[in-house]
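So the structure is just underneath, and the comments pick up after that.
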Amino acid sequence: MEALMQQETGGAMGFDPLDADIRACPHAHYPALNDQPVQPVVGHPGFWLVSGYDTVSEVLMDPDLYDGQPFPGRDLPIMSAMRPEPHKRLRGAVQSLFTNRALGQLTPYVEAQVARRTALLAEAGEGDLMDLWANRIPLSVIAHMFGFPDDEADLERLHGYGDAAIRLIIPLGGPGLSAPRGLRSRLAQARGVLAAAPLAARMMRRLPARDRRAMLGFPNPFADRPGFPRTGFARHPELIGQIFAFNLEVLEIFLDHVRAPGTSVIDRLIPPYQRGELSLAEVLTSAMQILVAGYETTANTLATIVYRFADDRRLMDRLRADPAQIEPFVEEVLRIDAPLQRTLRRTTRSTHLAGVELPENAQLIVMLGAANMDARKFGDPEAFDPQRDNARRHLAFGRGIHMCIGAQLARLEARIAVEAFLRRFESVEMGFAGVPERITDKDVGMWGFKHLPVRVHPRVERRAA
């Protein structure tokens, strides 16, 4: 499929961000996107691609003109979509967990989890890095921060919750399509709803009366249609129960902590809820997004780091010889392999962007990954250069009010994980239990690995003669 093609009008380049081949290898298309930073999405009226470092930065820095709420007239209670005032209240409630002081207190726990997972990887010798190491480290950390239990079964359950949230309700991916309407699809949707109904009823019974209306007012999840962002309910109805199960589990923790406060993410949300500044819908959906952001993107970064080690064995030797280069190395990984390649914005009024006229309610697919490959910002952008002096200016964590709240936590986890990997292993190789498999079946712009089979070679202690 030729997804990058000439438009019939004006000769502009077209690009389908949800094409499976492009999602498996998007970087080759980014120079053409950056040369024409605003262009319509082929076959999807009302959708526009936004690329180029300066243009993407302009959009991210103006939330009044470029709204994170994708559905006109209906606000999603999700942190990454909120308008400035409610976003400020919610972000302010949890910000204290991500300060330098708080991360300093969290560091021993991160170090212990990294050491544990690295030892298990060494013991296994080979296997899927995602299952053995990359997913488990950030999952353990975010479970700890939420006050969830963190044994293997609990982590697997959390992973399922996060995967369901990504596939179903976080609308970051791109243009919607007409929902499947055949009899088989309708039956699958009905089965998904019926299977989730007991959990939904239980959750509604547990909700305080003032919050039930807000939860019922969530946008129709099956209203996936052209001209609006894509959601996944109609295509993955079997996962609906996971969403209710996660919300119910967070709700139970929330209500328990109202009675007996602690120090978790949930506890930070209780005072503003009690003051009427946050609805419970905002608490639950934001908890879900923090969970996803707290492990999925970091897991993909950790996997990409090891992939880089396997691709160029000299990297491990260089970083061992000069540990001060670890942090710049991580920043270059984030630049060239941003774990989230795109996000969404919507124009609140007609405007001009990079010389292109956009109507009100234009849906913008903001190409973070392309911006990080803009030659006008990063010299020789396709080269992986761990000594690049401006790599930290990347947009992997976004910019503006919606910049990732956990950016410093992700950096901390990556640094500690790299240090442990370098201490424990001499080298790493790919592909002994299969071939690396990229993520291409999640519609939110994730860039990383579904499976990454590796074989690790432990370092041998050299004793003095």
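Starting from 1 in every chain, residues are counted up; chains themselves are A, B, ... following the order of the structure tokens, and ligands are numbered from 1 as listed.
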### Message
Residues within 9 Å of segment 79-83 of chain A, please, as a count of residues only. Count only C-alpha atoms; anything in the same chain fewer than 2 positions from it doesn't count.
### Response
25
Can I get the residues of segment 18-136 of chain A within 7 Å of segment 410-434 of chain A, each with the closest pair of atoms and their distance in Å to one decimal, using only C-alpha atoms, sorted chain first then ascending number, as a Markdown table?
```
| residue | atom | partner | partner_atom | distance |
| --- | --- | --- | --- | --- |
| A:Val110 | CA | A:Glu413 | CA | 6.7 |
| A:Glu111 | CA | A:Ile416 | CA | 6.5 |
| A:Val114 | CA | A:Ala417 | CA | 5.9 |
| A:Ala115 | CA | A:Ala420 | CA | 6.7 |
| A:Thr118 | CA | A:Phe421 | CA | 6.9 |
| A:Gly127 | CA | A:Ala433 | CA | 6.2 |
```
For the residues selected in the previous step, produce a file with C-alpha atoms as a compact mmCIF listing (two decimals), in the first residue's frame.
```txt
# COMPACT_ATOMS: atom_id res chain seq x y z
CA VAL A 110 13.15 2.18 41.75
CA GLU A 111 16.70 0.89 42.29
CA VAL A 114 15.48 -2.50 38.62
CA ALA A 115 17.97 -4.72 40.47
CA THR A 118 17.77 -7.28 35.99
CA GLY A 127 13.48 -14.38 26.37
```
From a backbone DSSP assignment, name each residue in segment 59-195 of chain A labelled helix (DSSP H, G or I), as a PyMOL selection string.
chain A and resi 59-60+79-81+84-98+100-124+129-134+136-146+152-168+183-195
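The spacing separating atom CA of Phe71 of chain A from atom CA of Gln95 of chain A amounts to 26.9 Å.
Closest to Ile266 of chain A among A:Asp374, A:Asp441, A:Glu252, A:Glu357 is A:Glu252, based on only C-alpha atoms.
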Looking only at the backbone, which of the residues in segment 156-360 of chain A does DSSP tag as strand (DSSP E), as a short mmCIF file (atom, residue, chain, number, x, y, z; two decimals) with N, CA and C atoms, in the first residue's frame?
```
data_model
loop_
_atom_site.label_atom_id
_atom_site.label_comp_id
_atom_site.auth_asym_id
_atom_site.auth_seq_id
_atom_site.Cartn_x
_atom_site.Cartn_y
_atom_site.Cartn_z
N THR A 343 -0.05 13.21 18.88
CA THR A 343 -1.15 13.52 19.78
C THR A 343 -2.19 14.31 19.00
N LEU A 344 -3.28 14.68 19.63
CA LEU A 344 -4.37 15.37 18.94
C LEU A 344 -4.63 16.75 19.53
N ARG A 345 -5.04 17.66 18.67
CA ARG A 345 -5.58 18.95 19.09
C ARG A 345 -6.73 19.31 18.14
N ARG A 346 -7.58 20.25 18.59
CA ARG A 346 -8.72 20.72 17.78
C ARG A 346 -8.75 22.24 17.81
N THR A 347 -8.94 22.85 16.65
CA THR A 347 -8.99 24.31 16.60
C THR A 347 -10.31 24.79 17.20
N THR A 351 -8.25 29.70 11.84
CA THR A 351 -6.93 30.29 12.05
C THR A 351 -6.02 29.94 10.88
N HIS A 352 -4.85 30.55 10.86
CA HIS A 352 -3.81 30.19 9.91
C HIS A 352 -2.64 29.58 10.68
N LEU A 353 -2.14 28.48 10.19
CA LEU A 353 -1.00 27.81 10.82
C LEU A 353 -0.01 27.46 9.73
N VAL A 356 -1.26 27.95 6.28
CA VAL A 356 -2.42 27.17 5.84
C VAL A 356 -3.64 27.59 6.64
N GLU A 357 -4.76 27.83 5.96
CA GLU A 357 -5.99 28.21 6.63
C GLU A 357 -6.68 26.96 7.19
N LEU A 358 -7.00 27.01 8.47
CA LEU A 358 -7.69 25.91 9.13
C LEU A 358 -9.05 26.39 9.61
#
```
Query raised in the report: If you count only C-alpha atoms, which residues fall within 9 Å of Val258 of chain A, apart from same-chain ones fewer than 5 positions away, as a PyMOL selection string?
Result: chain A and resi 253+267+270
Could you save the residues just selected, with N, CA and C atoms, as a PDB file, in the first residue's frame?
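Okay, this is what ended up in again_38.pdb:
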```pdb
ATOM      1  N   ILE A 253     -10.123   1.795  46.152  1.00  0.00           N
ATOM      2  CA  ILE A 253      -8.944   2.369  46.813  1.00  0.00           C
ATOM      3  C   ILE A 253      -9.237   3.796  47.253  1.00  0.00           C
ATOM      4  N   ASP A 267      -4.378   9.494  47.044  1.00  0.00           N
ATOM      5  CA  ASP A 267      -4.546  10.386  48.197  1.00  0.00           C
ATOM      6  C   ASP A 267      -4.415  11.854  47.811  1.00  0.00           C
ATOM      7  N   ILE A 270      -7.838  13.311  46.759  1.00  0.00           N
ATOM      8  CA  ILE A 270      -8.965  13.355  47.696  1.00  0.00           C
ATOM      9  C   ILE A 270      -9.312  14.775  48.134  1.00  0.00           C
TER      10      ILE A 270
END
```
Restricting to only C-alpha atoms, whichever of A:Arg230, A:Ala396, A:Pro271, A:Glu249 is closest to Pro149 of chain A is A:Glu249
